[in-house]
Structures are given as C-alpha cells and as structure tokens.
Amino acid sequence: MTTFEHDGVVFDLTIPYADVFGGEWKWAGEWSGSEPLMEPHSVHADCQTPLAFTVLYKLHGPLIPISPRPSAAQYRAAVDVDYAATVAAGYVETPAAFGARITPAPALTAHHLNPSPMEQTGFRRFLNSIAGGNR
C-alpha cells in the first residue's frame, strides 16, 4: 500500500512532501502500526529519526506534495519541436503575415506625451515665486 489517508485526504507515499518550513520529507518505507514513517529528505536536517505521519503533520503540516521533476528525456521532448509539423498544423504564420502584424506604430509627437510633472504639480510656479520670478 503506497497511499495513506489522514483527515479525509489521501496522500501518495511515493512522492516527497514539503512542510510549511521548507523541509522535504519522504516515506521511509516502514510503518509504525497503521501509519507510515516519514524521514527528512536531506541528510543535513536536524532530525534524522523518522516520524509517524500524524506527528509530522501536527508539527510541520500541512504537507505539500512535490511533483516529480521531469527527466532529461521528457525535457528534451518538450523543447525539441518538429518545425515542419508545427507549420503543417498551422501554428506558424508566413513571413508576410508576420511582417503585416508587426508594422511599426506611428511615431509619437509632443501631444502624445504627458505634461511635465513640474507643470502638473505647480512646482515650477513655486520655484519662480521664491526666486523672485513671476508673482
């Protein structure tokens, strides 16, 4: 049996779990009565003694499953794209369509820009008032 039910939640014991403090725990492969023993995943952890699942859940829970990391082959398959198949499926646009889609935007002129912050807040008017300028 590689599952354990606690408080109505079924835990898969074949994957590691993270506790709320960031520690990783995995099933030790042993049972203490009716519950699994969990051990820290790191050899540098403070406690190397396996804990019963319910004790671990009470002290460090809730436990968050850590999804398995993809293998090198799975990663390569995900990023290695068959370009011809992609084009045949219609996911790649023609160079003309791409060029039409990215035509340059019209050039911005002064009326597109926001006014200067000095003009918005009246800061320039304040500076002129203390420098003896416009009153």
# chains A, B, ... in the order shown; residues from 1 in each chain; ligands from 1
>>> select_by_dssp(residues="stretch 41-75 of chain A", states="alpha helix (DSSP H)", output="list of chain:residue names")
A:Phe53, A:Thr54, A:Val55, A:Leu56, A:Tyr57, A:Lys58, A:Leu59, A:His60, A:Ala72, A:Ala73, A:Gln74, A:Tyr75
>>> write_last_selection(atoms="N, CA and C atoms", output="compact mmCIF listing (two decimals), in the first residue's frame")
# COMPACT_ATOMS: atom_id res chain seq x y z
N PHE A 53 3.47 9.71 10.48
CA PHE A 53 2.85 10.69 9.59
C PHE A 53 2.00 11.69 10.36
N THR A 54 1.19 11.21 11.30
CA THR A 54 0.31 12.13 12.03
C THR A 54 1.10 13.09 12.91
N VAL A 55 2.23 12.63 13.47
CA VAL A 55 3.08 13.51 14.28
C VAL A 55 3.71 14.57 13.38
N LEU A 56 4.23 14.14 12.22
CA LEU A 56 4.82 15.08 11.26
C LEU A 56 3.78 16.11 10.82
N TYR A 57 2.58 15.66 10.53
CA TYR A 57 1.51 16.56 10.08
C TYR A 57 1.16 17.56 11.17
N LYS A 58 1.15 17.11 12.41
CA LYS A 58 0.81 18.00 13.53
C LYS A 58 1.91 19.04 13.77
N LEU A 59 3.18 18.63 13.69
CA LEU A 59 4.29 19.52 14.00
C LEU A 59 4.73 20.39 12.82
N HIS A 60 4.62 19.87 11.59
CA HIS A 60 5.16 20.56 10.42
C HIS A 60 4.14 20.77 9.31
N ALA A 72 15.47 14.10 -18.14
CA ALA A 72 16.15 14.80 -19.24
C ALA A 72 15.46 14.49 -20.56
N ALA A 73 15.02 13.26 -20.74
CA ALA A 73 14.34 12.88 -21.98
C ALA A 73 13.00 13.61 -22.11
N GLN A 74 12.26 13.72 -21.01
CA GLN A 74 10.98 14.44 -21.05
C GLN A 74 11.19 15.91 -21.35
N TYR A 75 12.21 16.50 -20.76
CA TYR A 75 12.51 17.90 -21.01
C TYR A 75 12.89 18.11 -22.47
>>> residues_around(residues="A:Val10", least_positions_apart="5", cutoff="12 Å", atoms="only C-alpha atoms", output="VMD selection string")
chain A and resid 1 to 5 63 65
>>> write_last_selection(atoms="all heavy atoms", output="mmCIF file, in the first residue's frame")
data_model
loop_
_atom_site.group_PDB
_atom_site.id
_atom_site.type_symbol
_atom_site.label_atom_id
_atom_site.label_comp_id
_atom_site.auth_asym_id
_atom_site.auth_seq_id
_atom_site.Cartn_x
_atom_site.Cartn_y
_atom_site.Cartn_z
ATOM 1 N N MET A 1 0.854 -1.170 0.000
ATOM 2 C CA MET A 1 0.000 0.000 0.000
ATOM 3 C C MET A 1 0.906 1.242 0.000
ATOM 4 O O MET A 1 1.756 1.388 0.854
ATOM 5 C CB MET A 1 -0.911 -0.019 1.231
ATOM 6 C CG MET A 1 -1.691 1.241 1.352
ATOM 7 S SD MET A 1 -3.028 1.389 2.526
ATOM 8 C CE MET A 1 -2.699 0.413 3.899
ATOM 9 N N THR A 2 0.711 2.135 -0.974
ATOM 10 C CA THR A 2 1.541 3.337 -1.075
ATOM 11 C C THR A 2 0.720 4.613 -0.913
ATOM 12 O O THR A 2 1.141 5.673 -1.332
ATOM 13 C CB THR A 2 2.278 3.371 -2.416
ATOM 14 O OG1 THR A 2 1.319 3.347 -3.456
ATOM 15 C CG2 THR A 2 3.246 2.215 -2.548
ATOM 16 N N THR A 3 -0.438 4.499 -0.308
ATOM 17 C CA THR A 3 -1.239 5.681 -0.008
ATOM 18 C C THR A 3 -1.599 5.650 1.470
ATOM 19 O O THR A 3 -1.611 4.594 2.108
ATOM 20 C CB THR A 3 -2.537 5.742 -0.843
ATOM 21 O OG1 THR A 3 -3.311 4.572 -0.581
ATOM 22 C CG2 THR A 3 -2.221 5.838 -2.320
ATOM 23 N N PHE A 4 -1.891 6.815 2.008
ATOM 24 C CA PHE A 4 -2.295 6.927 3.398
ATOM 25 C C PHE A 4 -3.336 8.021 3.494
ATOM 26 O O PHE A 4 -3.164 9.106 2.936
ATOM 27 C CB PHE A 4 -1.090 7.259 4.281
ATOM 28 C CG PHE A 4 -1.437 7.415 5.734
ATOM 29 C CD1 PHE A 4 -1.820 6.323 6.492
ATOM 30 C CD2 PHE A 4 -1.382 8.658 6.341
ATOM 31 C CE1 PHE A 4 -2.141 6.467 7.832
ATOM 32 C CE2 PHE A 4 -1.698 8.815 7.675
ATOM 33 C CZ PHE A 4 -2.072 7.716 8.428
ATOM 34 N N GLU A 5 -4.427 7.735 4.184
ATOM 35 C CA GLU A 5 -5.494 8.724 4.344
ATOM 36 C C GLU A 5 -5.417 9.334 5.732
ATOM 37 O O GLU A 5 -5.380 8.625 6.737
ATOM 38 C CB GLU A 5 -6.862 8.077 4.128
ATOM 39 C CG GLU A 5 -7.980 9.106 4.181
ATOM 40 C CD GLU A 5 -9.340 8.507 3.845
ATOM 41 O OE1 GLU A 5 -9.397 7.406 3.307
ATOM 42 O OE2 GLU A 5 -10.344 9.190 4.136
ATOM 43 N N LEU A 63 1.211 19.298 4.771
ATOM 44 C CA LEU A 63 2.259 18.832 3.860
ATOM 45 C C LEU A 63 1.837 19.085 2.419
ATOM 46 O O LEU A 63 0.690 18.861 2.045
ATOM 47 C CB LEU A 63 2.517 17.342 4.084
ATOM 48 C CG LEU A 63 2.988 16.990 5.500
ATOM 49 C CD1 LEU A 63 3.135 15.480 5.634
ATOM 50 C CD2 LEU A 63 4.287 17.682 5.840
ATOM 51 N N PRO A 65 2.523 18.293 -1.562
ATOM 52 C CA PRO A 65 3.203 17.336 -2.440
ATOM 53 C C PRO A 65 4.161 18.042 -3.390
ATOM 54 O O PRO A 65 3.875 19.113 -3.899
ATOM 55 C CB PRO A 65 2.061 16.662 -3.202
ATOM 56 C CG PRO A 65 0.904 17.568 -3.074
ATOM 57 C CD PRO A 65 1.086 18.359 -1.818
#
>>> closest_residue(among="A:Val79, A:Ile102, A:Ala18, A:Ala52", to="A:Ser34", atoms="only C-alpha atoms")
A:Ala52
>>> select_by_dssp(residues="stretch 3-103 of chain A", states="strand (DSSP E)", output="PyMOL selection string")
chain A and resi 3-6+9-12+17-18+24-32+35-40+51-52+64-65
>>> write_last_selection(atoms="N, CA and C atoms", output="PDB file, in the first residue's frame")
ATOM      1  N   THR A   3      -0.438   4.499  -0.308  1.00  0.00           N
ATOM      2  CA  THR A   3      -1.239   5.681  -0.008  1.00  0.00           C
ATOM      3  C   THR A   3      -1.599   5.650   1.470  1.00  0.00           C
ATOM      4  N   PHE A   4      -1.891   6.815   2.008  1.00  0.00           N
ATOM      5  CA  PHE A   4      -2.295   6.927   3.398  1.00  0.00           C
ATOM      6  C   PHE A   4      -3.336   8.021   3.494  1.00  0.00           C
ATOM      7  N   GLU A   5      -4.427   7.735   4.184  1.00  0.00           N
ATOM      8  CA  GLU A   5      -5.494   8.724   4.344  1.00  0.00           C
ATOM      9  C   GLU A   5      -5.417   9.334   5.732  1.00  0.00           C
ATOM     10  N   HIS A   6      -5.371  10.690   5.752  1.00  0.00           N
ATOM     11  CA  HIS A   6      -5.333  11.418   7.014  1.00  0.00           C
ATOM     12  C   HIS A   6      -6.292  12.593   6.919  1.00  0.00           C
ATOM     13  N   VAL A   9      -7.923  13.201   3.559  1.00  0.00           N
ATOM     14  CA  VAL A   9      -7.053  13.475   2.416  1.00  0.00           C
ATOM     15  C   VAL A   9      -6.174  12.257   2.179  1.00  0.00           C
ATOM     16  N   VAL A  10      -6.119  11.805   0.923  1.00  0.00           N
ATOM     17  CA  VAL A  10      -5.292  10.654   0.577  1.00  0.00           C
ATOM     18  C   VAL A  10      -3.928  11.154   0.122  1.00  0.00           C
ATOM     19  N   PHE A  11      -2.882  10.691   0.782  1.00  0.00           N
ATOM     20  CA  PHE A  11      -1.504  11.080   0.468  1.00  0.00           C
ATOM     21  C   PHE A  11      -0.820   9.949  -0.286  1.00  0.00           C
ATOM     22  N   ASP A  12      -0.180  10.294  -1.397  1.00  0.00           N
ATOM     23  CA  ASP A  12       0.602   9.345  -2.179  1.00  0.00           C
ATOM     24  C   ASP A  12       1.989   9.276  -1.551  1.00  0.00           C
ATOM     25  N   TYR A  17       7.196  15.235   0.150  1.00  0.00           N
ATOM     26  CA  TYR A  17       6.318  16.322   0.582  1.00  0.00           C
ATOM     27  C   TYR A  17       7.155  17.422   1.227  1.00  0.00           C
ATOM     28  N   ALA A  18       6.715  18.651   1.054  1.00  0.00           N
ATOM     29  CA  ALA A  18       7.346  19.796   1.702  1.00  0.00           C
ATOM     30  C   ALA A  18       6.489  20.206   2.886  1.00  0.00           C
ATOM     31  N   GLU A  24      11.876  18.925   3.258  1.00  0.00           N
ATOM     32  CA  GLU A  24      11.300  17.866   2.426  1.00  0.00           C
ATOM     33  C   GLU A  24      11.292  16.565   3.205  1.00  0.00           C
ATOM     34  N   TRP A  25      10.192  15.851   3.082  1.00  0.00           N
ATOM     35  CA  TRP A  25      10.009  14.585   3.772  1.00  0.00           C
ATOM     36  C   TRP A  25       9.600  13.523   2.769  1.00  0.00           C
ATOM     37  N   LYS A  26      10.090  12.299   2.984  1.00  0.00           N
ATOM     38  CA  LYS A  26       9.701  11.185   2.127  1.00  0.00           C
ATOM     39  C   LYS A  26       9.380   9.985   3.011  1.00  0.00           C
ATOM     40  N   TRP A  27       8.648   9.069   2.449  1.00  0.00           N
ATOM     41  CA  TRP A  27       8.262   7.862   3.172  1.00  0.00           C
ATOM     42  C   TRP A  27       9.487   6.994   3.370  1.00  0.00           C
ATOM     43  N   ALA A  28       9.694   6.523   4.573  1.00  0.00           N
ATOM     44  CA  ALA A  28      10.858   5.694   4.894  1.00  0.00           C
ATOM     45  C   ALA A  28      10.680   4.262   4.430  1.00  0.00           C
ATOM     46  N   GLY A  29       9.483   3.921   3.960  1.00  0.00           N
ATOM     47  CA  GLY A  29       9.219   2.547   3.538  1.00  0.00           C
ATOM     48  C   GLY A  29       8.798   1.656   4.687  1.00  0.00           C
ATOM     49  N   GLU A  30       8.618   2.242   5.855  1.00  0.00           N
ATOM     50  CA  GLU A  30       8.248   1.481   7.045  1.00  0.00           C
ATOM     51  C   GLU A  30       6.941   2.011   7.613  1.00  0.00           C
ATOM     52  N   TRP A  31       6.311   1.185   8.410  1.00  0.00           N
ATOM     53  CA  TRP A  31       5.053   1.554   9.047  1.00  0.00           C
ATOM     54  C   TRP A  31       5.212   1.459  10.550  1.00  0.00           C
ATOM     55  N   SER A  32       4.567   2.337  11.256  1.00  0.00           N
ATOM     56  CA  SER A  32       4.503   2.296  12.704  1.00  0.00           C
ATOM     57  C   SER A  32       3.049   2.018  13.055  1.00  0.00           C
ATOM     58  N   GLU A  35       0.269   3.642  10.537  1.00  0.00           N
ATOM     59  CA  GLU A  35       0.633   4.862   9.808  1.00  0.00           C
ATOM     60  C   GLU A  35       2.091   4.803   9.332  1.00  0.00           C
ATOM     61  N   PRO A  36       2.353   5.479   8.207  1.00  0.00           N
ATOM     62  CA  PRO A  36       3.708   5.424   7.638  1.00  0.00           C
ATOM     63  C   PRO A  36       4.697   6.279   8.432  1.00  0.00           C
ATOM     64  N   LEU A  37       5.947   5.879   8.377  1.00  0.00           N
ATOM     65  CA  LEU A  37       7.019   6.667   8.977  1.00  0.00           C
ATOM     66  C   LEU A  37       7.640   7.537   7.892  1.00  0.00           C
ATOM     67  N   MET A  38       7.767   8.817   8.181  1.00  0.00           N
ATOM     68  CA  MET A  38       8.316   9.774   7.224  1.00  0.00           C
ATOM     69  C   MET A  38       9.687  10.211   7.726  1.00  0.00           C
ATOM     70  N   GLU A  39      10.664  10.325   6.786  1.00  0.00           N
ATOM     71  CA  GLU A  39      12.006  10.756   7.159  1.00  0.00           C
ATOM     72  C   GLU A  39      12.368  12.010   6.380  1.00  0.00           C
ATOM     73  N   PRO A  40      13.258  12.843   6.945  1.00  0.00           N
ATOM     74  CA  PRO A  40      13.663  14.041   6.218  1.00  0.00           C
ATOM     75  C   PRO A  40      14.429  13.649   4.964  1.00  0.00           C
ATOM     76  N   LEU A  51       9.549  10.115  11.594  1.00  0.00           N
ATOM     77  CA  LEU A  51       8.384  10.495  12.400  1.00  0.00           C
ATOM     78  C   LEU A  51       7.142   9.832  11.835  1.00  0.00           C
ATOM     79  N   ALA A  52       6.229   9.485  12.717  1.00  0.00           N
ATOM     80  CA  ALA A  52       4.941   8.974  12.263  1.00  0.00           C
ATOM     81  C   ALA A  52       4.232  10.082  11.490  1.00  0.00           C
ATOM     82  N   ILE A  64       2.775  19.565   1.635  1.00  0.00           N
ATOM     83  CA  ILE A  64       2.505  19.946   0.248  1.00  0.00           C
ATOM     84  C   ILE A  64       3.234  18.974  -0.667  1.00  0.00           C
ATOM     85  N   PRO A  65       2.523  18.293  -1.562  1.00  0.00           N
ATOM     86  CA  PRO A  65       3.203  17.336  -2.440  1.00  0.00           C
ATOM     87  C   PRO A  65       4.161  18.042  -3.390  1.00  0.00           C
TER      88      PRO A  65
END
>>> closest_residue(among="A:Glu93, A:Gly33, A:Ser71, A:Pro62", to="A:Val20", atoms="only C-alpha atoms")
A:Pro62
